[in-house]
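This report concerns only the one structure given below.
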Amino acid sequence: MNLLVAPFADNEFMRLALVASVLVALTCAVAGTWVVLRGLAFVGDALAHGVLPGIATALLLGVSGLVGAAAGALVMMAGVGLVTRRLRLAGDTAIGLLFVSMLALGVVITSRSESFTGDLTRILFGELLGATRGKIGVQAAALAAVTATAVTCRRPFLMLSVDEGLARSAGFSARLFHALMLAMVAVSVVTGFQTVGTMLVLGMLVAPPATGALFARRAGTMTAIAAACGAASCWLGLLLSYHLDVAAGASIVLVSTGIFAVAAVAKEVARAGRHDDELPHAHGTVHLP
Amino acid sequence: MRRVTRTVRPITRLALPFLVLALVSCAGPGSTPPTPAEPSAPAGQDEPRPTIVVTYSVLGRLVADLVGGDAEVLVIIPDGSDPHDYQPSARDMEAMTGADLLVVNGLGFEAHLDDAINAAADAGTPVFAVSEHVTVRDAVGAHDEGHDDDSGHGDDAGDPHLWLSPATMLEALPALADAVAAAIGTGIDPSELGAQLDALDADIARKFAALDRCELVTGHDELGYFADRYGCEVIGAVIPSMSTSADASAKQLAELKAVIAEHGATTVFTSLGTPQEVAAQIARETGADVVELGTHVLGGSGTYAAFIRSIADDILDALR
Amino acid sequence: MSAAGTIVASQLAVGHGHRAVVRGIDLDVPAGGLLVLIGTNGSGKSTLLKTLAGLLAPIDGGVTVLGRAPGDDPRRTAYLPQHPVSSHTLPLRAADVVAMGRYARRGLLRPLRQDDRDAVADAMRRTGADATADRAVRDLSGGQQQRTHLAQVLAWGAEVLLLDEPTAGLDLNGRATVARIIDEERARGATVVLATHELADAERASTVVLLAQRVVSCGPPSEALRDEHLRECYGFTQPH
């Protein structure tokens, strides 16, 4: 028992890291539910890289990285919208284009800087063990905003996850609610980067909700499972970092993807056990129109 | 363009994204061009002077101190950039292959320049590695015995932070002067600079000898040569690694706190690449102060001696 | 233009952006009518259906649905998209997907009431989707998924039903169910628009529009589906 609790009791940095990372996990569980339901993982990926030049510029100008990240995310989202609408390219092509250019821009900006490159690691992988009360406050506000959005917009979000035309035919503006969904993802990435870094926040956005999607049949249940898995990953990841002497942020993400893998295997095994008494068509021949 | 291949790095440093960054950065035009180590050197003189290219700014300063106006000294890694992370640009490659002499630190310090250095050597540029002409100390610090050194300076086990002890630089000085002389065709007399470094060394040694004890907590494991020379002990580091690129682990931080408490250390010395908020948190929890040292940044120091003196003074101020 | 028609179009041109797919569409479908849009892939039938649903703006000409611009009253017009690709990965419970049919009525936040739940249960019973109500959509067969989506449109309780290939992926039983449901909906006064590949679906139509990136023919089935029109449309005739 001491092994599981004592590290947090003895060290304030562990407590702060736990609170900060659990808040990130909860924010990502709420936003990530829709990332998985609507298939936005690639957008999340793009945002995670898109914020890089923003953060780099902000740090060069001496502004908060948070402001820069938000600006980078806005540019990324506006760019994706513009390219898909004006040039009629598929969304993933637009995202691919912008994602590499934003990443390259981020690297170019950091390489021009004379006092910066050491921080690149911190941007990509975060500074979890240096969590501060200020960062925790920002993350709590982000969690509140994302949760309020998800609760308010549950119906249009659900319909968007089935079909965009369906949502529009029910009188919901697809553009508005899609933008709100992207904004939730952006807020998660922008605030989460401070704690777990831009690379790892994507893992928190996808792995726990994907675990939820294995078992849940409702968005709310998915979020709840994701939140539980995410929070457990934070606690276990920090303990791994404490006892095994490994990097903290990466441990958390590895635990969360590990939970997904174990859950997926468990589900397959359970399904194989049931298989005998099911009809052959039960798993679905797929008919495309 | 030549595609730079890299060796796989330890998992704590998650190499893949850096590989992406490295390739992008190599292809991009954005890197800073090599900068003259002597800002006052008149640009575009009538007669082209021989060129000595140095990877690292502090070494560049020392070489410039040595050659005076006899050669143009260019530095690849912009001062203030983290040498552990620096990626060369195409212009850097051109400068290195076109140099009359290439001076490098060695021991994997310029981790991402190694391929470029090898390419320059293959192209016929004489390469002088400072680490081959000094007594290299072991990379394992007193505090991290018992766990493997996975700090990223892979094949070479030695501590690369040579420049932080003037005595170590003094060791390499005659060989460096010979190499410079051979490359630029002019005789170089190292005795004046040698005497200066000697005096500097004696002065710092005297000041540190006056301390009751000298126990250092550092950003990463950078002060080994300095500590060995002046009777100090590095008791811990925020990132106990020879490189800044490693990530902090909770275990190391908890151990660091214990060490700070046990030794009653009052200062955490950070440097370029130290995660500032992690250092601040450890300081808060142990009641220590944070003092930033310019161990990796030449800054406005007029000479190598001034650079070393300011680091020594900062440490002395904090410990007294 | 007849004031009585539920769906009225005159010289309507439909398409994406500024690019017209079909021009010169004239329609006048009365309440309780069945309009069948028939044609090959890319012929413009889905485009016309989306225009009637208000998802695409008309490029030229005039069109009204229930006397108003398409899409103006989401509660009275239900739309069944072509079998959504999302179905194969959607972890949502089938009954909850059917309940989405009530969202147009209840809007963003008003809670679903007993009559909403009744409408959902009734719709699922009519399509046979009730057998799989508790399972996730992704775990259903293609036919079961289609029955679920169809139930959602019925739950809407709309006056105009716009159905894009509702029989796709359905076996003979399923097709019979769809035909029965269309009859029932018409009997209660609803107007149905059906986009399909199947000539058989067109037999009970009040109006058929045969499309091949233009209006090949338009009128009652006996006229619109004459052999010369079908040959013009498909390049060959099909026994029916």
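In the structure tokens, chains take letters A, B, ... by order of appearance, with residues numbered from 1 within each chain and ligands from 1 in the order shown.
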Discussion item. Residues of chain C within 9 Å of chain A, counting only C-alpha atoms, what are they? List them as a PyMOL selection string.
Written reply: chain C and resi 50+53-55+71-75+77-94+96-97+100-105+107-109+134-144+165+167-170
Discussion item. With only C-alpha atoms as the counted atoms, please give the residues lying no more than 10 Å from Thr64 (chain C), apart from itself and same-chain residues fewer than 2 positions off, as a PyMOL selection string.
Written reply: chain C and resi 5-10+27-28+52+62+66-72
Fill in: Distance query Gly96 (chain A) at most 12 Å, only C-alpha atoms, self and fewer than 6 positions along chain excluded, as a list of chain:residue names
A:Phe42, A:Val43, A:Gly44, A:Asp45, A:Ala46, A:Leu47, A:His49, A:Gly50, A:Met76, A:Gly79, A:Val80, A:Val83, A:Thr84, A:Leu89, A:Ala90, A:Met102, A:Leu103
Worksheet entry | Selection near Ile123 (chain A), 7 Å with only C-alpha atoms, sequence-local residues under 5 positions removed, as a VMD selection string | chain A and resid 193 197 to 198
Residues of the last selection are to be written out with all heavy atoms, as a PDB file, in the first residue's frame.
```
ATOM      1  N   PHE A 193      -0.877  20.627 -23.489  1.00  0.00           N
ATOM      2  CA  PHE A 193       0.533  20.607 -23.878  1.00  0.00           C
ATOM      3  C   PHE A 193       1.435  21.060 -22.735  1.00  0.00           C
ATOM      4  O   PHE A 193       2.556  20.587 -22.576  1.00  0.00           O
ATOM      5  CB  PHE A 193       0.765  21.464 -25.139  1.00  0.00           C
ATOM      6  CG  PHE A 193       1.338  22.833 -24.872  1.00  0.00           C
ATOM      7  CD1 PHE A 193       2.710  23.004 -24.767  1.00  0.00           C
ATOM      8  CD2 PHE A 193       0.516  23.924 -24.705  1.00  0.00           C
ATOM      9  CE1 PHE A 193       3.237  24.265 -24.493  1.00  0.00           C
ATOM     10  CE2 PHE A 193       1.036  25.172 -24.433  1.00  0.00           C
ATOM     11  CZ  PHE A 193       2.398  25.345 -24.327  1.00  0.00           C
ATOM     12  N   GLY A 197       2.751  17.780 -22.830  1.00  0.00           N
ATOM     13  CA  GLY A 197       3.404  18.017 -24.106  1.00  0.00           C
ATOM     14  C   GLY A 197       2.471  17.771 -25.274  1.00  0.00           C
ATOM     15  O   GLY A 197       1.476  17.065 -25.154  1.00  0.00           O
ATOM     16  N   THR A 198       2.820  18.357 -26.429  1.00  0.00           N
ATOM     17  CA  THR A 198       1.917  18.274 -27.576  1.00  0.00           C
ATOM     18  C   THR A 198       1.838  16.865 -28.142  1.00  0.00           C
ATOM     19  O   THR A 198       0.820  16.472 -28.684  1.00  0.00           O
ATOM     20  CB  THR A 198       2.366  19.235 -28.695  1.00  0.00           C
ATOM     21  OG1 THR A 198       3.689  18.882 -29.070  1.00  0.00           O
ATOM     22  CG2 THR A 198       2.336  20.666 -28.250  1.00  0.00           C
TER      23      THR A 198
END
```
Practice prompt. List every residue of region 55-214 of chain C that DSSP, applied to the backbone, labels as strand (DSSP E or B), and write the result as a PyMOL selection string.
Written response: chain C and resi 60-65+68+77-80+93+136+160-164+191-196+207-211
Worksheet item: Which is closer to chain A than all the others in B:Glu171, B:Asp82, B:Asp115, B:Asp65, using only C-alpha atoms?
Response: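 Using only C-alpha atoms, chain A sits closest to B:Asp82.
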Practice prompt. Compile the contact shell of Gly230 (chain A) as a PyMOL selection string: residues with an atom at most 10 Å away, counting only C-alpha atoms, same-chain residues fewer than 3 positions apart removed.
Written response: chain A and resi 21-29+204-205+207-209+211+224-227+233-236+252-253+255-257+259
Item to complete: Return as number ranges by chain the full set of residues in region 60-229 of chain C whose backbone-based DSSP assignment is alpha helix (DSSP H).
Response: C: 94-99, 103-106, 114-127, 142-155, 172-187, 221-224, 227-229
Worksheet item: Residues at most 6 Å from region 179-193 of chain C, counting only C-alpha atoms, excluding those fewer than 4 positions away in the same chain, as JSON, numbers by chain?
Response: {"C": [31, 32, 33, 34, 35, 36, 159, 160, 161, 162]}
Item to complete: Can you pull out every residue within 9 Å of Asp122 (chain B), counting only C-alpha atoms, but drop anything in the same chain fewer than 4 positions away, and send it as a ChimeraX atom specification?
Response: /B:97,117-118
Worksheet, complete the sentence: In Å and to one decimal, CA of Leu238 (chain A) is distant from CA of Ala17 (chain A) by 8.0 Å
